[in-house]
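Below is one structure; the comments refer to it alone.
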Amino acid sequence: MSQGDLRAGPFTHEKSSIARTMSLVMLALLPATAFGLYQFGWPALFLWLATIGAAVATEAACLRIAGKPVRPFVLDGSALLTAWLLAMTLPPWAPWWIGAVGGVVAILIGKQVFGGLGQNLFNPAMVARVVLLISFPLEMTTWVSPKPLFSAEAPDFLSALAITFGGGFNIDSMSSASILGHVKTELGRSVDLAGALAGSYDPMGLLVGTVPGSMGETSALLLLCGGLFLLAMRIISWHIPLAMLGSLALCASVFNLIDPAHYPNALYHVLSGGALLGAFFIATDPVTSPVTVRGQLLFGALLGLLVYVIRTWAAFPEGVAFAVMLANGLTPLIDHYLRPRIYGRTRKGQPISYAETQEGGNG
Amino acid sequence: MRASALKLFRIRGGVHPEGRKQDTCDQPIRELPLPPLLRIPLQQHIGAPAQPEVRRGDHVLKGQLLATSQGLISAPVHAPTSGVIKSIGKFPAPHASGLPIRTITLEPDGEDRWIDLDPQATPLYLEPDDIAKRVAAAGIVGMGGATFPSAVKLGLRERFALHTLVINAAECEPYLTCDDRLMRERAHEIIDGIRITLHGLQVNKALVAIENNKPEAIAAMAEAAHAFDEISIVAVPVRYPMGSEKHLVQTLTGKETPARALTADIGIVVHNVATVRAIGEAVRFGRPLISRVVTVGGGAVREPGNLLVPIGTPVEVLIEACGGLCEEPAKLLSGGPMMGQPLPEQRVPIVKGTSGILALTTAEVASKPTMPCIRCASCVDVCPCGLLPLEMANRARNADLQGAADFGLMDCVSCGSCSYVCPAHIPLVQYFNYAKGALMEQQRAKHKQEETKRLAAARAERMERIAAAKREAMAKRKAEMAAKKAREAEAAQAAEADDAAAEPTDAPNSKLAEPQVGT
Amino acid sequence: MLAAVASLSVLGITLGTVLGYAARYLKVEGNPLEAEIEEMLPGSQCGQCGYPGCSPAATALVAGEAPVTLCPPGGQPLALELADKLGVTADLSTLEEKRPMIAYVREDLCIGCTRCFKRCPTDAIIGSSKQIHAVIGDACTGCEKCVDACPTECVEMRPIPQTLQHWYWPKPAIAA
């Protein structure tokens, strides 16, 4: 038996694997995605396919260039999942090249240049979204209200092809603002909150998914179901989602109590925008989040705070992408300082001592 | 007595591998017929190898001393049956490396004749020190797999204030059922051993911890311990690694063993259930440790079961006794699948610490190609020692051994929970074992370097001294030579003067008034 | 623009002056690095590196004239340590994949001439005139001085045997 192929135990394993993890996350995203595709029709489907196609192709190309084995990495589903999440955050009727550029940027710059799977510092989907948002602000902030498939207003297959691959759609007649964008603009015009929300704020709609926005920003209910499924399957733990949503709700409630006329309440913040998608699917990305429980709670809390700050006082109506990237940057620091206590040692690393005479525990 | 009221504590992390004990847990212990040859390694324990006392060609009786223990941490080795010593030499060890180990080969003569034993009818009236001596002479070591000499553990009472004896009957590894069957079939012997051990430790409380997936064993032990108030049978939750002594003690008492210390530091001594039965047998009947129960299991074995095996029996004999292999195993292991050692071949022998022989199929091993770490932190969640396995493995992979040690590598018990759950199938425990070994090697190299310096410096100094002494001697000789030369010169001059004085000279300026007498 | 030129010039001159003073008045005499490097070398003065002793070898290392792989008894661990200390990358390809060796005296050929033990820098050979010599393995550094000295060529170098006590798991092969 040569030393080279000597393998140590354990010689048994639970059913987990990276492909299984990625598949389960995609399964959890399926209901919200399917509903979103239904709500926004064929253009959304084409955009989704374009994003995924570009990402997977980029992954294969990068692996080939790097001389790494292509098949196992492409088949593990990580590039697909990244692109899927990115597509969920894009305006559903954006032109195909937004999705394609986003997919390439996410995989090439967000993941492969760092060294591939497990090496990136920032969430690749968020890297791509931020790059797109800053580079193509018009396309990235043009939303439409839902035009369900097979309904009268929905574009048919050929018109959809024209929308995604052709010259785009009639912006003036079809676009609508997402609730976050609308409220921010109105508050900026010194209309108070009641006025801003009137007629456009529909919590039920946000919950079910009948409001304008990206596919991932609409059906809160389906996203919540997906998140709970992931929790049940032990793919993610509850610490980051709870800390993030809790922190966001807390900040919103505090400011809402202080000045209800200018600061929306917790429900508004939690249901609108990418808060739920971010909490369950984006912030919980294992590569870019802390590894310990305390670290994850801190990370989530920080995220919630950042999302609130950016939404309320910064120039952008939606803050999840920026907040996630900022928090990702802090992850190594959090991991360095917040470590678990080792068995038999104090928090400081010294062996524990039972200085007092022993009560003998159970006897 | 059955202690159902004992408050138990949670251990951190841990995993729940499938038990897979159903194939063997109901198989009664079968005695194995004597094999044609026994290979008895001289080191089946932690510590120094034993030194042979017999020679090739000697005829020995069952239970006769074959090799004596060397030093404080060591154990003797005895003949598992009567027969002839065929050879004392190198044979492959039942170890993953396949390296040879000094082994006595014994050919049984079939008579299985015992040597004269020294039984004790009333072991509880012995001095505690005598109990320790008998245990040492019987070669008893930890039979749960750690193989630490048990007599040394009994001696801990002199250095530590002990109050509880914990009997480790958790048997948390999948497939293994040897302790389970032992408890079901030999409960009274075990209780006897516990009472003797309590006396040897001078402690009056024993907790027998059995995982609650063994209800029959719990019942059998509770019934046997019925009359003894000092022995409590405790059902502990099923969780790997419940059998790790530090974590078992934590479950029972809530106290953590301080880092780099023993459980004795918190007043507790832990013994495996089979070990304590062997202690009873050694003290009461004078029989040394020469056989043990081994579970033979795994999907590749035709008829898995539990065998009572003489120490030194080759693994192939056990497998034959269980119907042979029904397929080529993916792995042949000594011990359980979590912490067991892969065996290099089937000729290697059973030793005192072998609790199971497993022939696992590819499906049971369930290994997949290794992928990069995605920092999912599953390993952090399950580590019972509160470590960060992903960080330690990362550093070990990049040759930053000190970095790995800083993350707590030396506190790792190598239980394998982290590798069990890793979705990327990274061989985490192998990284840790490699790093620990490499660090030890570095320490040895450093030690060698320091010693080399010391030796070289000592030699240089010695050479200096020799050279200095030489120089001194030379200088002395030179001085003597010079003095001698000076005397000779004077003598020569004196002789000349004499000659000059003997002849008439008209040297008007002759200053010599009188002849000088040479010295 | 004038202001920019002026301010940068002033900055440059000031900082340059400070550095100049520091170079002159805060200079470190000698090079303590040499002593530290010498500490790290085995110290047996075996000469296999080509320098007459560990001290000149240390000087050469600090001056950058000798590669960090110069010391065969130190092997790979020493090369890596030296590389770390000197801040250079170790070109380990030049190190032969030689297992550490120790000397062994073939007793049937030994004539007891005492030449080998007189040359051993760590006194690892025991024996006396007209008596068979033997090598104490633990003290041998593998410098091979004794091999050259023996008139009957009875000293040979053997790899240190791998024992069960010192074996450890190899690093897992990186699959992906």
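Residue names in the structure tokens use chain letters A, B, ... in the order shown, residue numbers from 1 in each chain, and ligand numbers from 1 in the order shown.
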
Please list as a PDB file with N, CA and C atoms, in the first residue's frame every residue within 9 Å of Ala128 in chain A, counting only C-alpha atoms and excluding residues in the same chain fewer than 5 positions away.
ATOM      1  N   LEU A  86     -28.768  36.484  -9.118  1.00  0.00           N
ATOM      2  CA  LEU A  86     -28.580  37.777  -9.784  1.00  0.00           C
ATOM      3  C   LEU A  86     -29.803  38.117 -10.616  1.00  0.00           C
ATOM      4  N   VAL A 101     -23.924  40.647 -19.180  1.00  0.00           N
ATOM      5  CA  VAL A 101     -22.791  41.325 -18.544  1.00  0.00           C
ATOM      6  C   VAL A 101     -22.765  41.000 -17.055  1.00  0.00           C
ATOM      7  N   GLY A 102     -23.959  41.007 -16.473  1.00  0.00           N
ATOM      8  CA  GLY A 102     -24.037  40.674 -15.050  1.00  0.00           C
ATOM      9  C   GLY A 102     -23.500  39.284 -14.770  1.00  0.00           C
ATOM     10  N   GLY A 103     -23.884  38.323 -15.590  1.00  0.00           N
ATOM     11  CA  GLY A 103     -23.416  36.953 -15.384  1.00  0.00           C
ATOM     12  C   GLY A 103     -21.906  36.851 -15.515  1.00  0.00           C
ATOM     13  N   VAL A 104     -21.376  37.506 -16.547  1.00  0.00           N
ATOM     14  CA  VAL A 104     -19.923  37.449 -16.748  1.00  0.00           C
ATOM     15  C   VAL A 104     -19.190  38.100 -15.572  1.00  0.00           C
ATOM     16  N   VAL A 105     -19.657  39.285 -15.176  1.00  0.00           N
ATOM     17  CA  VAL A 105     -18.993  39.997 -14.073  1.00  0.00           C
ATOM     18  C   VAL A 105     -19.067  39.185 -12.789  1.00  0.00           C
ATOM     19  N   ALA A 106     -20.233  38.609 -12.546  1.00  0.00           N
ATOM     20  CA  ALA A 106     -20.404  37.851 -11.296  1.00  0.00           C
ATOM     21  C   ALA A 106     -19.403  36.713 -11.214  1.00  0.00           C
ATOM     22  N   ILE A 107     -19.263  35.956 -12.291  1.00  0.00           N
ATOM     23  CA  ILE A 107     -18.403  34.780 -12.236  1.00  0.00           C
ATOM     24  C   ILE A 107     -16.943  35.168 -12.405  1.00  0.00           C
ATOM     25  N   ILE A 109     -15.284  38.310 -12.269  1.00  0.00           N
ATOM     26  CA  ILE A 109     -14.689  39.219 -11.298  1.00  0.00           C
ATOM     27  C   ILE A 109     -15.114  38.882  -9.874  1.00  0.00           C
ATOM     28  N   GLY A 110     -16.335  38.366  -9.731  1.00  0.00           N
ATOM     29  CA  GLY A 110     -16.819  38.098  -8.382  1.00  0.00           C
ATOM     30  C   GLY A 110     -16.330  36.789  -7.808  1.00  0.00           C
ATOM     31  N   ASN A 123     -19.932  38.585  -2.158  1.00  0.00           N
ATOM     32  CA  ASN A 123     -20.957  37.781  -2.805  1.00  0.00           C
ATOM     33  C   ASN A 123     -20.974  38.081  -4.300  1.00  0.00           C
ATOM     34  N   LEU A 133     -25.641  48.369 -11.522  1.00  0.00           N
ATOM     35  CA  LEU A 133     -26.420  49.503 -11.038  1.00  0.00           C
ATOM     36  C   LEU A 133     -25.672  50.811 -11.270  1.00  0.00           C
TER      37      LEU A 133
END

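Contacts from chain C to chain A at a cut-off of 8 Å (only C-alpha atoms) map to Trp169, Pro170, Pro172, Ala173 and Ala176 of chain C.
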
Quiz item: Excluding same-chain residues fewer than 3 positions from Thr288 in chain A, what lies within 9 Å of it counting only C-alpha atoms, as a VMD selection string?
Solution: (chain A and resid 118 to 123 283 to 285 327 to 329 331 to 332) or (chain B and resid 374 to 375)

Exercise. Would you list the contacts of Leu158 in chain A as a ChimeraX atom specification, taking every protein, DNA or RNA residue within 12 Å and counting only C-alpha atoms, but skipping same-chain residues closer than 5 positions in sequence?
Key: /A:41-43,46,163-166

For the residues selected in the previous step, produce a file with C-alpha atoms as a PDB file, in the first residue's frame.
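Just written: result33.pdb:
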ATOM      1  CA  GLY A  41     -43.916  36.971 -18.666  1.00  0.00           C
ATOM      2  CA  TRP A  42     -41.593  35.926 -21.435  1.00  0.00           C
ATOM      3  CA  PRO A  43     -39.146  38.824 -21.213  1.00  0.00           C
ATOM      4  CA  PHE A  46     -35.386  35.300 -21.517  1.00  0.00           C
ATOM      5  CA  ILE A 163     -38.277  43.541 -25.564  1.00  0.00           C
ATOM      6  CA  THR A 164     -35.364  41.480 -24.329  1.00  0.00           C
ATOM      7  CA  PHE A 165     -33.231  41.142 -27.424  1.00  0.00           C
ATOM      8  CA  GLY A 166     -34.433  44.056 -29.473  1.00  0.00           C
TER       9      GLY A 166
END

Self-check item: Residues near range 178-192 of chain B, cut-off 10 Å, only C-alpha atoms, skip fewer than 4 positions along chain, as a ChimeraX atom specification
Solution: /B:24-29,123-124,144,167-171,196-198,208,210-211,213-226,228,231,272-281,284,292-296,305-308,355-356

Quiz item: Could you list, as number ranges by chain, every residue of chain B that has an atom within 9 Å of an atom of chain C, counting only C-alpha atoms?
Solution: B: 93, 95-101, 369-372, 396-397, 427-428, 430-438, 440-442, 445, 448-460

Go ahead and save the residues from that selection, with N, CA and C atoms, as a CSV table (one decimal), in the first residue's frame.
chain,number,residue,atom,x,y,z
B,93,ALA,N,2.5,-4.7,11.3
B,93,ALA,CA,1.6,-4.3,12.4
B,93,ALA,C,0.2,-4.1,12.0
B,95,HIS,N,-1.7,-1.7,11.6
B,95,HIS,CA,-1.5,-0.3,11.6
B,95,HIS,C,-1.6,0.2,10.2
B,96,ALA,N,-2.1,1.4,10.0
B,96,ALA,CA,-2.3,1.9,8.6
B,96,ALA,C,-1.1,2.0,7.8
B,97,SER,N,0.1,2.2,8.5
B,97,SER,CA,1.3,2.3,7.7
B,97,SER,C,1.8,1.0,7.2
B,98,GLY,N,1.4,-0.1,7.8
B,98,GLY,CA,1.9,-1.4,7.3
B,98,GLY,C,3.4,-1.6,7.7
B,99,LEU,N,3.9,-0.8,8.6
B,99,LEU,CA,5.3,-0.9,9.0
B,99,LEU,C,5.4,-2.2,9.9
B,100,PRO,N,6.6,-2.8,9.9
B,100,PRO,CA,6.7,-4.0,10.8
B,100,PRO,C,6.9,-3.6,12.2
B,101,ILE,N,6.5,-4.6,13.1
B,101,ILE,CA,6.6,-4.4,14.5
B,101,ILE,C,7.2,-5.7,15.0
B,369,PRO,N,-15.4,12.6,-4.5
B,369,PRO,CA,-14.2,13.4,-4.7
B,369,PRO,C,-14.2,14.7,-3.9
B,370,THR,N,-13.0,15.1,-3.5
B,370,THR,CA,-12.9,16.3,-2.6
B,370,THR,C,-13.1,17.5,-3.4
B,371,MET,N,-13.9,18.5,-2.9
B,371,MET,CA,-14.1,19.8,-3.6
B,371,MET,C,-13.5,20.9,-2.7
B,372,PRO,N,-13.4,22.1,-3.2
B,372,PRO,CA,-12.8,23.1,-2.3
B,372,PRO,C,-13.8,23.5,-1.2
B,396,ALA,N,-3.1,23.8,7.7
B,396,ALA,CA,-2.3,22.6,7.6
B,396,ALA,C,-2.0,22.4,6.1
B,397,ARG,N,-2.9,22.7,5.2
B,397,ARG,CA,-2.7,22.5,3.8
B,397,ARG,C,-1.7,23.4,3.3
B,427,PRO,N,-10.9,15.7,3.6
B,427,PRO,CA,-10.4,14.8,4.6
B,427,PRO,C,-9.8,15.5,5.8
B,428,LEU,N,-10.7,16.2,6.6
B,428,LEU,CA,-10.2,17.1,7.6
B,428,LEU,C,-9.4,16.4,8.6
B,430,GLN,N,-7.6,13.9,8.4
B,430,GLN,CA,-6.2,13.5,7.9
B,430,GLN,C,-5.3,14.7,7.9
B,431,TYR,N,-5.9,15.9,7.6
B,431,TYR,CA,-5.1,17.1,7.7
B,431,TYR,C,-4.6,17.3,9.1
B,432,PHE,N,-5.5,17.1,10.1
B,432,PHE,CA,-5.1,17.3,11.5
B,432,PHE,C,-4.0,16.3,11.9
B,433,ASN,N,-4.2,15.0,11.6
B,433,ASN,CA,-3.3,14.0,12.0
B,433,ASN,C,-1.9,14.3,11.3
B,434,TYR,N,-1.9,14.7,10.1
B,434,TYR,CA,-0.7,15.1,9.4
B,434,TYR,C,0.0,16.2,10.1
B,435,ALA,N,-0.8,17.3,10.4
B,435,ALA,CA,-0.2,18.4,11.1
B,435,ALA,C,0.4,18.1,12.4
B,436,LYS,N,-0.4,17.3,13.2
B,436,LYS,CA,0.1,16.9,14.5
B,436,LYS,C,1.4,16.2,14.4
B,437,GLY,N,1.5,15.2,13.4
B,437,GLY,CA,2.7,14.4,13.2
B,437,GLY,C,3.9,15.3,12.8
B,438,ALA,N,3.6,16.2,11.8
B,438,ALA,CA,4.6,17.1,11.3
B,438,ALA,C,5.2,18.0,12.4
B,440,MET,N,5.3,17.3,15.6
B,440,MET,CA,6.1,16.4,16.5
B,440,MET,C,7.5,16.2,15.8
B,441,GLU,N,7.4,16.0,14.5
B,441,GLU,CA,8.7,15.8,13.8
B,441,GLU,C,9.6,17.1,13.9
B,442,GLN,N,9.0,18.2,13.7
B,442,GLN,CA,9.7,19.5,13.9
B,442,GLN,C,10.3,19.6,15.2
B,445,ALA,N,13.3,17.4,15.4
B,445,ALA,CA,14.4,17.9,14.6
B,445,ALA,C,15.0,19.0,15.4
B,448,LYS,N,17.1,17.6,18.1
B,448,LYS,CA,18.3,17.0,17.6
B,448,LYS,C,19.3,18.1,17.3
B,449,GLN,N,18.8,19.2,16.7
B,449,GLN,CA,19.7,20.3,16.4
B,449,GLN,C,20.4,20.9,17.6
B,450,GLU,N,19.6,21.0,18.7
B,450,GLU,CA,20.1,21.6,20.0
B,450,GLU,C,21.2,20.6,20.5
B,451,GLU,N,20.9,19.3,20.4
B,451,GLU,CA,21.8,18.3,21.0
B,451,GLU,C,23.1,18.3,20.1
B,452,THR,N,22.9,18.4,18.8
B,452,THR,CA,24.1,18.5,17.9
B,452,THR,C,25.0,19.6,18.3
B,453,LYS,N,24.4,20.8,18.5
B,453,LYS,CA,25.1,21.9,18.9
B,453,LYS,C,25.9,21.7,20.2
B,454,ARG,N,25.2,21.1,21.1
B,454,ARG,CA,25.8,20.8,22.4
B,454,ARG,C,26.9,19.8,22.3
B,455,LEU,N,26.8,18.8,21.5
B,455,LEU,CA,27.8,17.8,21.3
B,455,LEU,C,29.0,18.4,20.6
B,456,ALA,N,28.7,19.2,19.5
B,456,ALA,CA,29.8,19.8,18.8
B,456,ALA,C,30.6,20.8,19.7
B,457,ALA,N,29.8,21.6,20.5
B,457,ALA,CA,30.5,22.5,21.3
B,457,ALA,C,31.3,21.8,22.4
B,458,ALA,N,30.8,20.7,22.9
B,458,ALA,CA,31.5,20.0,23.9
B,458,ALA,C,32.8,19.4,23.3
B,459,ARG,N,32.7,18.9,22.1
B,459,ARG,CA,33.8,18.4,21.5
B,459,ARG,C,34.9,19.5,21.2
B,460,ALA,N,34.4,20.6,20.7
B,460,ALA,CA,35.3,21.7,20.4
B,460,ALA,C,36.0,22.1,21.7

Quiz item: What are the residues of chain B that have an atom within 6 Å of an atom of chain A, counting only C-alpha atoms, as a PyMOL selection string?
Solution: chain B and resi 253+256-259+337-339+365-366+373-377+385-387+416+420-421+423-424+430

Quiz item: Per DSSP on the backbone, what are the strand (DSSP E) residues of range 71-296 of chain A, as an NGL selection string?
Solution: :A and (143-144 or 175-176)

Export, as a CSV table (one decimal), in the first residue's frame, the selected residues with C-alpha atoms.
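That gives us selection_38.csv:
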chain,number,residue,atom,x,y,z
A,143,TRP,CA,-39.4,48.7,-13.4
A,144,VAL,CA,-42.7,47.4,-14.7
A,175,SER,CA,-42.8,51.6,-16.4
A,176,SER,CA,-43.9,51.8,-12.8

Quiz item: Which residues, written as a PyMOL selection string, have at least one atom at most 12 Å from Gly53 in chain A, with only C-alpha atoms counted and residues fewer than 3 positions away on the same chain left out?
Solution: chain A and resi 46-50+56-60+74+79-84+87+96-97+99-104+107

Got time to write the residues from that selection, C-alpha atoms, as a CSV table (one decimal), in the first residue's frame?
chain,number,residue,atom,x,y,z
A,46,PHE,CA,-35.4,35.3,-21.5
A,47,LEU,CA,-33.5,37.5,-19.2
A,48,TRP,CA,-33.2,34.8,-16.6
A,49,LEU,CA,-31.9,32.3,-19.2
A,50,ALA,CA,-29.5,34.9,-20.6
A,56,VAL,CA,-22.2,29.1,-16.8
A,57,ALA,CA,-20.3,29.8,-20.0
A,58,THR,CA,-17.9,32.1,-18.2
A,59,GLU,CA,-17.3,29.6,-15.5
A,60,ALA,CA,-16.4,26.9,-18.0
A,74,VAL,CA,-19.6,23.4,-13.6
A,79,ALA,CA,-22.4,29.3,-10.9
A,80,LEU,CA,-26.0,28.5,-11.8
A,81,LEU,CA,-27.2,29.5,-8.4
A,82,THR,CA,-25.2,32.7,-8.5
A,83,ALA,CA,-26.7,33.7,-11.8
A,84,TRP,CA,-30.2,32.7,-10.7
A,87,ALA,CA,-31.5,37.4,-12.2
A,96,TRP,CA,-30.5,40.6,-22.5
A,97,TRP,CA,-27.0,42.2,-22.3
A,99,GLY,CA,-28.1,39.8,-17.7
A,100,ALA,CA,-25.2,38.7,-19.8
A,101,VAL,CA,-22.8,41.3,-18.5
A,102,GLY,CA,-24.0,40.7,-15.0
A,103,GLY,CA,-23.4,37.0,-15.4
A,104,VAL,CA,-19.9,37.4,-16.7
A,107,ILE,CA,-18.4,34.8,-12.2

Among range 23-158 of chain B, which ones does DSSP assign to alpha helix (DSSP H) (computed from the backbone)? Answer as a JSON list (two decimals) with C-alpha atoms, in the first residue's frame.
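This went into out.json:
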[["chain", "number", "residue", "atom", "x", "y", "z"],
["B", 128, "PRO", "CA", -5.29, -1.21, 46.81],
["B", 129, "ASP", "CA", -1.62, -1.22, 45.83],
["B", 130, "ASP", "CA", -1.78, -5.00, 45.45],
["B", 131, "ILE", "CA", -4.71, -4.66, 43.12],
["B", 132, "ALA", "CA", -2.71, -2.25, 40.97],
["B", 133, "LYS", "CA", 0.22, -4.67, 40.97],
["B", 134, "ARG", "CA", -1.95, -7.57, 39.84],
["B", 135, "VAL", "CA", -3.52, -5.48, 37.13],
["B", 136, "ALA", "CA", -0.06, -4.46, 35.93],
["B", 137, "ALA", "CA", 1.18, -8.05, 35.97],
["B", 150, "SER", "CA", -4.75, 0.35, 33.30],
["B", 151, "ALA", "CA", -2.46, -0.07, 36.29],
["B", 152, "VAL", "CA", -1.11, 3.43, 35.72],
["B", 153, "LYS", "CA", -4.68, 4.73, 35.82],
["B", 154, "LEU", "CA", -5.22, 2.94, 39.12]]

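Residues in contact with Val315 in chain B at up to 8 Å, not including ones fewer than 5 positions away on its chain and judged by only C-alpha atoms, are Gln346, Arg347, Val348, Pro349, Ile350 and Ile357 of chain B.
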
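Reported to one decimal place, the separation of CA of Val320 in chain A from CA of Ser247 in chain A is 13.3 Å.
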
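Of note, CA of Gln120 in chain B and CA of Arg195 in chain B are spaced 14.1 Å apart.
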
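With CA of Pro314 in chain B on one side and CA of Ser367 in chain B on the other, the separation reads 27.9 Å.
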
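Closest approach to Gly246 in chain A among A:Ile134, A:Ala194, A:Leu297, A:Leu333: A:Leu297, based on only C-alpha atoms.
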